[in-house]
$ cat target.cif   # mmCIF, C-alpha atoms and all ligand atoms
data_structure
loop_
_atom_site.label_atom_id
_atom_site.label_comp_id
_atom_site.auth_asym_id
_atom_site.auth_seq_id
_atom_site.Cartn_x
_atom_site.Cartn_y
_atom_site.Cartn_z
CA MET A 14 -19.85 41.22 -19.45
CA VAL A 15 -21.70 37.94 -19.05
CA ARG A 16 -18.50 36.10 -19.73
CA ARG A 17 -16.64 37.95 -17.01
CA MET A 18 -19.34 37.23 -14.46
CA THR A 19 -19.35 33.53 -15.36
CA LEU A 20 -15.64 33.30 -14.86
CA ALA A 21 -15.79 35.09 -11.54
CA ALA A 22 -18.51 32.76 -10.30
CA GLY A 23 -16.43 29.78 -11.38
CA VAL A 24 -13.42 30.89 -9.42
CA VAL A 25 -15.48 31.09 -6.26
CA ALA A 26 -17.39 27.87 -6.88
CA VAL A 27 -14.38 25.56 -7.29
CA PRO A 28 -12.98 25.72 -3.75
CA LEU A 29 -16.43 25.77 -2.18
CA GLY A 30 -17.54 22.76 -4.20
CA TRP A 31 -14.45 20.80 -3.27
CA ALA A 32 -14.89 21.48 0.42
CA GLN A 33 -18.54 20.49 0.36
CA THR A 34 -18.20 17.26 -1.58
CA ALA A 35 -14.85 15.86 -0.46
CA ASP A 36 -15.01 12.57 1.38
CA ALA A 37 -13.67 13.24 4.85
CA GLY A 38 -11.29 10.31 4.38
CA MET A 39 -9.58 12.00 1.47
CA ILE A 40 -8.38 14.76 3.78
CA VAL A 41 -6.48 12.32 5.99
CA ASP A 42 -2.90 12.07 4.87
CA GLY A 43 -1.68 8.77 3.50
CA ASP A 44 1.02 8.11 6.07
CA ALA A 45 -1.52 8.46 8.90
CA LEU A 46 -3.84 6.00 7.16
CA LEU A 47 -1.04 3.52 6.63
CA ALA A 48 0.09 3.78 10.25
CA LEU A 49 -3.32 2.51 11.30
CA ARG A 50 -3.11 -0.65 9.19
CA ASN A 51 -1.67 -3.69 10.92
CA LEU A 52 0.47 -4.81 8.00
CA ALA A 53 1.90 -8.30 8.07
CA ILE A 54 5.41 -8.87 6.75
CA PRO A 55 4.66 -10.28 3.30
CA VAL A 56 7.53 -12.73 2.90
CA GLU A 57 7.92 -16.13 4.55
CA GLY A 58 10.75 -16.33 7.07
CA VAL A 59 11.52 -12.60 7.16
CA THR A 60 11.45 -10.73 10.47
CA ALA A 61 10.98 -7.01 11.04
CA ALA A 62 14.59 -6.75 12.14
CA ALA A 63 15.74 -8.06 8.75
CA LEU A 64 13.92 -5.37 6.76
CA ARG A 65 15.87 -2.48 5.28
CA ASP A 66 14.34 0.88 4.44
CA THR A 67 15.07 1.23 0.70
CA PHE A 68 12.21 3.64 0.00
CA SER A 69 14.42 6.67 -0.68
CA ASP A 70 17.07 4.86 -2.71
CA SER A 71 17.62 6.06 -6.26
CA ARG A 72 17.18 3.44 -8.96
CA GLN A 73 18.06 3.98 -12.60
CA GLY A 74 17.11 7.65 -12.64
CA HIS A 75 14.09 7.53 -10.35
CA TRP A 76 13.30 7.10 -6.69
CA HIS A 77 12.67 3.56 -5.56
CA GLU A 78 9.55 4.43 -3.52
CA ALA A 79 9.17 0.84 -2.36
CA ILE A 80 10.87 -1.68 -0.12
CA ASP A 81 12.83 -4.67 -1.43
CA ILE A 82 12.61 -7.78 0.73
CA ALA A 83 15.31 -10.31 -0.13
CA ALA A 84 14.39 -13.97 0.17
CA PRO A 85 15.18 -17.27 -1.55
CA LYS A 86 13.40 -17.85 -4.84
CA GLY A 87 10.13 -19.65 -4.13
CA ALA A 88 9.63 -18.23 -0.63
CA LYS A 89 5.94 -17.63 0.04
CA VAL A 90 4.49 -14.14 -0.46
CA PHE A 91 1.52 -13.24 1.75
CA ALA A 92 -1.09 -10.47 1.66
CA VAL A 93 -0.13 -7.72 4.10
CA ASP A 94 -3.74 -6.80 4.84
CA ASP A 95 -7.34 -7.72 4.14
CA GLY A 96 -8.84 -6.30 0.97
CA SER A 97 -9.75 -6.85 -2.64
CA LEU A 98 -7.32 -8.15 -5.24
CA VAL A 99 -7.97 -5.60 -7.97
CA LYS A 100 -5.39 -6.50 -10.62
CA LEU A 101 -3.01 -9.21 -11.73
CA PHE A 102 -0.62 -7.48 -14.07
CA THR A 103 2.54 -8.33 -15.97
CA SER A 104 4.86 -5.40 -16.66
CA VAL A 105 8.39 -5.05 -18.04
CA PRO A 106 9.87 -3.64 -14.79
CA GLY A 107 7.65 -5.43 -12.28
CA GLY A 108 7.25 -8.80 -13.95
CA LEU A 109 4.40 -10.76 -12.38
CA THR A 110 2.60 -8.37 -10.03
CA VAL A 111 -0.44 -8.13 -7.75
CA TYR A 112 -2.38 -4.98 -6.87
CA GLN A 113 -4.51 -5.16 -3.73
CA PHE A 114 -6.64 -2.45 -2.10
CA ASP A 115 -7.14 -2.05 1.63
CA PRO A 116 -10.69 -2.76 2.91
CA GLN A 117 -11.76 0.86 2.47
CA GLY A 118 -10.18 1.37 -0.94
CA ARG A 119 -7.89 4.14 0.22
CA LEU A 120 -4.53 2.37 -0.10
CA ALA A 121 -3.12 0.08 -2.78
CA TYR A 122 -0.54 -2.61 -2.03
CA TYR A 123 1.76 -3.62 -4.88
CA TYR A 124 3.75 -6.86 -4.97
CA ALA A 125 6.27 -7.34 -7.81
CA HIS A 126 8.91 -9.68 -9.28
CA LEU A 127 6.85 -12.76 -8.35
CA ASP A 128 7.98 -16.17 -9.58
CA GLY A 129 4.36 -17.30 -9.81
CA TYR A 130 0.88 -16.73 -8.43
CA ALA A 131 -0.80 -18.87 -5.79
CA HIS A 132 -3.18 -21.45 -7.20
CA GLY A 133 -6.66 -20.01 -7.67
CA LEU A 134 -5.63 -16.36 -7.39
CA ARG A 135 -8.00 -14.18 -9.41
CA GLU A 136 -8.98 -10.54 -9.83
CA GLY A 137 -11.93 -9.45 -7.70
CA MET A 138 -11.36 -11.96 -4.92
CA THR A 139 -11.20 -10.80 -1.32
CA LEU A 140 -7.83 -11.46 0.24
CA HIS A 141 -7.24 -11.93 3.90
CA ARG A 142 -4.16 -10.81 5.80
CA CYS A 143 -1.47 -13.50 5.50
CA GLU A 144 -3.23 -15.28 2.63
CA LEU A 145 -0.80 -16.81 0.12
CA LEU A 146 -0.45 -14.66 -3.02
CA GLY A 147 2.48 -16.20 -4.77
CA TYR A 148 6.20 -16.81 -4.57
CA VAL A 149 9.34 -14.67 -4.50
CA GLY A 150 11.13 -14.52 -7.83
CA THR A 151 13.11 -12.43 -10.26
CA SER A 152 10.49 -11.63 -12.91
CA GLY A 153 10.66 -8.21 -14.55
CA ASN A 154 13.88 -6.28 -14.01
CA ALA A 155 15.01 -7.96 -10.78
CA PRO A 156 18.62 -9.20 -10.99
CA PRO A 157 18.58 -12.99 -11.55
CA GLU A 158 21.03 -13.49 -8.68
CA SER A 159 18.95 -11.40 -6.21
CA PRO A 160 15.42 -12.74 -5.86
CA HIS A 161 13.30 -10.38 -3.78
CA LEU A 162 9.82 -9.02 -3.29
CA HIS A 163 9.43 -5.41 -4.38
CA PHE A 164 6.61 -4.11 -2.18
CA ALA A 165 5.04 -0.67 -2.51
CA VAL A 166 2.07 1.17 -1.02
CA PHE A 167 0.14 3.94 -2.74
CA ARG A 168 -2.41 6.40 -1.41
CA LEU A 169 -5.16 6.04 -3.99
CA ASN A 170 -6.78 8.96 -5.76
CA PRO A 171 -10.52 9.53 -5.30
CA GLU A 172 -10.99 7.73 -8.65
CA HIS A 173 -9.52 4.53 -7.14
CA GLN A 174 -7.36 3.80 -10.18
CA TRP A 175 -5.14 0.86 -9.29
CA TRP A 176 -2.26 2.13 -11.39
CA LYS A 177 -2.16 5.64 -9.88
CA GLY A 178 -1.47 7.08 -6.47
CA THR A 179 0.95 8.76 -4.12
CA PRO A 180 3.81 6.50 -2.94
CA LEU A 181 4.00 5.90 0.81
CA ASN A 182 6.93 4.36 2.65
CA PRO A 183 5.82 0.92 3.91
CA TYR A 184 8.84 0.43 6.16
CA PRO A 185 7.39 1.95 9.38
CA ALA A 186 4.14 0.01 8.98
CA LEU A 187 5.94 -3.27 8.26
CA THR A 188 8.29 -2.98 11.22
CA GLY A 189 5.68 -1.76 13.68
CA SER A 190 7.51 1.51 14.22
CA ALA A 191 4.55 3.43 12.76
CA LEU A 192 2.28 2.39 15.61
CA LYS A 193 1.22 5.45 17.51
CA ALA A 194 -1.86 7.30 18.62
CA PRO A 195 -3.88 8.46 15.62
CA THR A 196 -3.63 12.09 14.74
CA SER A 197 -6.64 14.28 15.33
CA LYS A 198 -7.19 14.29 11.57
CA ALA A 199 -7.28 10.50 11.44
CA SER A 200 -9.65 10.31 14.39
CA ALA A 201 -12.06 12.57 12.55
CA SER A 202 -12.14 10.43 9.43
CA GLY A 203 -14.93 8.19 10.65
CA GLY A 204 -13.44 4.86 9.63
CA VAL A 205 -10.77 4.83 12.27
CA THR A 206 -11.03 5.46 15.97
CA SER A 207 -8.70 5.96 18.87
CA SER A 208 -9.44 2.43 20.08
CA ARG A 209 -6.89 1.24 17.52
CA SER A 210 -4.01 2.68 19.50
CA ALA A 211 -4.91 0.49 22.47
CA GLN A 212 -4.08 -2.56 20.35
CA ALA A 213 -0.52 -1.47 19.64
CA PRO A 214 1.25 -4.01 21.88
CA VAL A 215 -0.66 -6.84 20.21
CA LEU A 216 0.11 -5.58 16.73
CA GLN A 217 3.83 -5.48 17.33
CA SER A 218 3.99 -9.17 18.13
CA SER A 219 1.96 -10.35 15.14
CA LYS A 220 3.81 -9.07 12.10
CA ALA A 221 4.92 -12.41 10.68
CA CYS A 222 2.59 -14.78 8.82
CA GLY A 223 2.49 -18.46 9.75
ZN ZN B 301 12.36 -2.67 -5.67
#
$ encode --input "target.cif" --output "structure tokens"
Amino acid sequence: MVRRMTLAAGVVAVPLGWAQTADAGMIVDGDALLALRNLAIPVEGVTAAALRDTFSDSRQGHWHEAIDIAAPKGAKVFAVDDGSLVKLFTSVPGGLTVYQFDPQGRLAYYYAHLDGYAHGLREGMTLHRCELLGYVGTSGNAPPESPHLHFAVFRLNPEHQWWKGTPLNPYPALTGSALKAPTSKASASGGVTSSRSAQAPVLQSSKACG
């Protein structure tokens, strides 16, 4: 009898506990958060018009869930946003990679297939939008004849694990087509306000890094 009562109490307590302790920001959906970031185009010499939406392509038995930005080997790769560089990682598919969080630790930006890192790049440093990260290459599983930056965005879990998250399509944010009035959910999240939408015309003309 005691056991049954304990279980019943647990069933009720789980949803209540979640609702009471959840960070309001975690309720905001990832695409709305991303739409509010003024992402720079992370590759030297590439314009918004040149980007192709390859997020939903299938690649070797899985969804791509990233955007590939073709550029000559050695082209500069820039940070798309301000935020902490949380991990420099070398993987078989990604080659030389960088994981960066946004300033509030809600989104992760992933840069892969780099030819090399910028001098002085280190984990824990704060990056600024358009800061040099490294250079376009073919490390990992990129075809040697097709150097490109593989760029992905993840909505982080509450645990803020750099290697986990929900993939978000970066194409609208990189091209400026995601700029719009925040949803009512986003406005309620505290960290973002409707004043952002007033900056939209400025954002659209400042996507490229120097
Ligand atoms: Zn890719």
$ atom_distance --input "target.cif" --atom1 "atom CA of A:Glu136" --atom2 "atom CA of A:Leu101"
6.4 Å
$ residues_near_ligand --input "target.cif" --ligand "ligand ZN 301 (chain B)" --cutoff "10 Å" --atoms "all atoms listed in the file" --output "JSON, numbers by chain"
{"A": [67, 68, 70, 72, 76, 77, 78, 79, 80, 81, 82, 83, 106, 107, 124, 125, 126, 154, 155, 161, 162, 163, 164, 165]}
$ atom_distance --input "target.cif" --atom1 "atom CA of A:Asp66" --atom2 "atom CA of A:Ala131"
26.9 Å
$ closest_residue --input "target.cif" --among "A:Ala221, A:Val149, A:Leu134, A:Val111" --to "A:Gly189" --atoms "all atoms listed in the file"
A:Ala221
$ atom_distance --input "target.cif" --atom1 "atom CA of A:Glu57" --atom2 "atom CA of A:Ala84"
8.1 Å
$ closest_residue --input "target.cif" --among "A:Ser97, A:Lys86, A:Ala48, A:Tyr122" --to "A:Lys177" --atoms "only C-alpha atoms"
A:Tyr122
$ closest_residue --input "target.cif" --among "A:Asp44, A:Val105, A:Asn170, A:Ser71" --to "A:Tyr184" --atoms "only C-alpha atoms"
A:Asp44
$ closest_residue --input "target.cif" --among "A:Val90, A:Leu109, A:Ala191, A:Leu120" --to "A:Leu145" --atoms "only C-alpha atoms"
A:Val90
$ closest_residue --input "target.cif" --among "A:Asn182, A:Thr188, A:Thr110, A:Thr139" --to "A:Thr151" --atoms "only C-alpha atoms"
A:Thr110
$ closest_residue --input "target.cif" --among "A:Pro85, A:Pro160, A:Gly137, A:Pro185" --to "A:Ala62" --atoms "all atoms listed in the file"
A:Pro185
$ residues_around --input "target.cif" --residues "A:Ile54" --least-positions-apart "6" --cutoff "10 Å" --atoms "all atoms listed in the file" --output "ChimeraX atom specification"
/A:60-61,64,82,90-94,142-143,184,186-189,219-222
